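Participant: Following this message is one structure expressed as structure tokens.
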Amino acid sequence: MRGENVLVKLFRYIEKNFEEAVMGILLIGMAVILMAQILMRIFAQNSLPWAEEVARYFYVWSVFLSISCTIRMKNILRVDFLIQIAPSWLKKILEVCIGLVNTVLYGYLAYHSVTVVQNVQASAQTSPALKIPMYLVYAIVPVGFALASVRSVQKIYFDIKEA
């Protein structure tokens with residue numbers, strides 16, 4: 001019983017903080033790498049050939065993770081004029097319908113972005129400075145959209161539960 005309680009708490013913590021934690025790590029890593037790059041240019045008159053590439057990849061990963069994070073935090077950018085003027089009984093229905101559309105859209109994008117990642121993997125393309133396989137960089141696209149789809153389902157659940 002106690003083990004289940006710990007697992008439930010861990011799952012809830014991850015559910016509430018996963019994207020924020022990973023984005024925080026990526027942004028701190030980006031800041032440290034770029035600061036090291038600046039210091040190397042100033043004091044060693046030399047630059048790190050891989051620093052800007054890593055910072056760019058960290059940034060892209062944080063952008064794709066932010067989609068699901070903004071859905072979970074209920075502050076994703078959207079035009080909600082119709083929801084605001086709708087009667088209260090219709091607002092929840094519209095929210096659920098929008099959530100369903102978002103879920104389908106993000107699921108569609110996740111599904112089809114897997115093909116893109118597979119094509120990049122088949123091309124054996126590597127990054128210019130680090131020489132890492134580019135499909136690892138592109139892998140965030142289906143992961144980000146899949147997480148956004150999961151968060152959209154969660155939002156639908158909470159919208160229905162609150163009704």
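Each chain in the structure tokens gets a letter, A, B and so on, in the order shown; residues start at 1 in every chain, and ligands are counted from 1 in the order they appear.
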List the neighbours of Met30 (chain A) out to 9 Å using only C-alpha atoms; skip same-chain residues closer than 6 positions along the sequence, and give me the result as a list of chain:residue names.
Facilitator: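 My list of contacting residues is A:Ala51, A:Glu52, A:Val54, A:Ala55, A:Arg56, A:Phe58, A:Tyr59.
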Participant: Quick one: write out the picked residues with C-alpha atoms as an mmCIF file, in the first residue's frame?
Facilitator:
data_model
loop_
_atom_site.group_PDB
_atom_site.id
_atom_site.type_symbol
_atom_site.label_atom_id
_atom_site.label_comp_id
_atom_site.auth_asym_id
_atom_site.auth_seq_id
_atom_site.Cartn_x
_atom_site.Cartn_y
_atom_site.Cartn_z
ATOM 1 C CA ALA A 51 28.107 25.694 -28.533
ATOM 2 C CA GLU A 52 25.689 27.520 -30.806
ATOM 3 C CA VAL A 54 23.682 22.743 -28.923
ATOM 4 C CA ALA A 55 21.998 25.948 -27.761
ATOM 5 C CA ARG A 56 19.848 25.970 -30.907
ATOM 6 C CA PHE A 58 18.008 22.992 -26.705
ATOM 7 C CA TYR A 59 15.877 25.958 -27.759
#
Participant: Sort by chain and increasing residue number a table of all residues of region 60-86 of chain A within 9 Å of region 16-29 of chain A, each with its closest pair of atoms and their distance in Å to one decimal, counting only C-alpha atoms, and write it as a tab-separated table.
Facilitator:
residue	atom	partner	partner_atom	distance
A:Trp61	CA	A:Leu26	CA	7.8
A:Ser62	CA	A:Met23	CA	5.1
A:Val63	CA	A:Met23	CA	8.4
A:Leu65	CA	A:Glu19	CA	5.9
A:Ser66	CA	A:Glu19	CA	7.0
A:Ser68	CA	A:Glu19	CA	7.5
A:Cys69	CA	A:Glu19	CA	5.9
A:Arg72	CA	A:Lys16	CA	8.2
Participant: Taking the DSSP secondary structure from the backbone, can you list the residues of region 17-161 of chain A that are alpha helix (DSSP H), as a PyMOL selection string?
Facilitator: chain A and resi 17-43+51-72+81-85+88-123+134-138+140-161
Participant: Write out as a ChimeraX atom specification which residues come within 10 Å of Ile140 (chain A) when counting only C-alpha atoms, dropping same-chain ones fewer than 5 positions away.
Facilitator: /A:57,60-65,110,113-114,117,135,145-146
Participant: Write out as a ChimeraX atom specification which residues come within 9 Å of region 147-161 of chain A when counting only C-alpha atoms, dropping same-chain ones fewer than 6 positions away.
Facilitator: /A:64-72,74,92-93,95-100,102-107,110
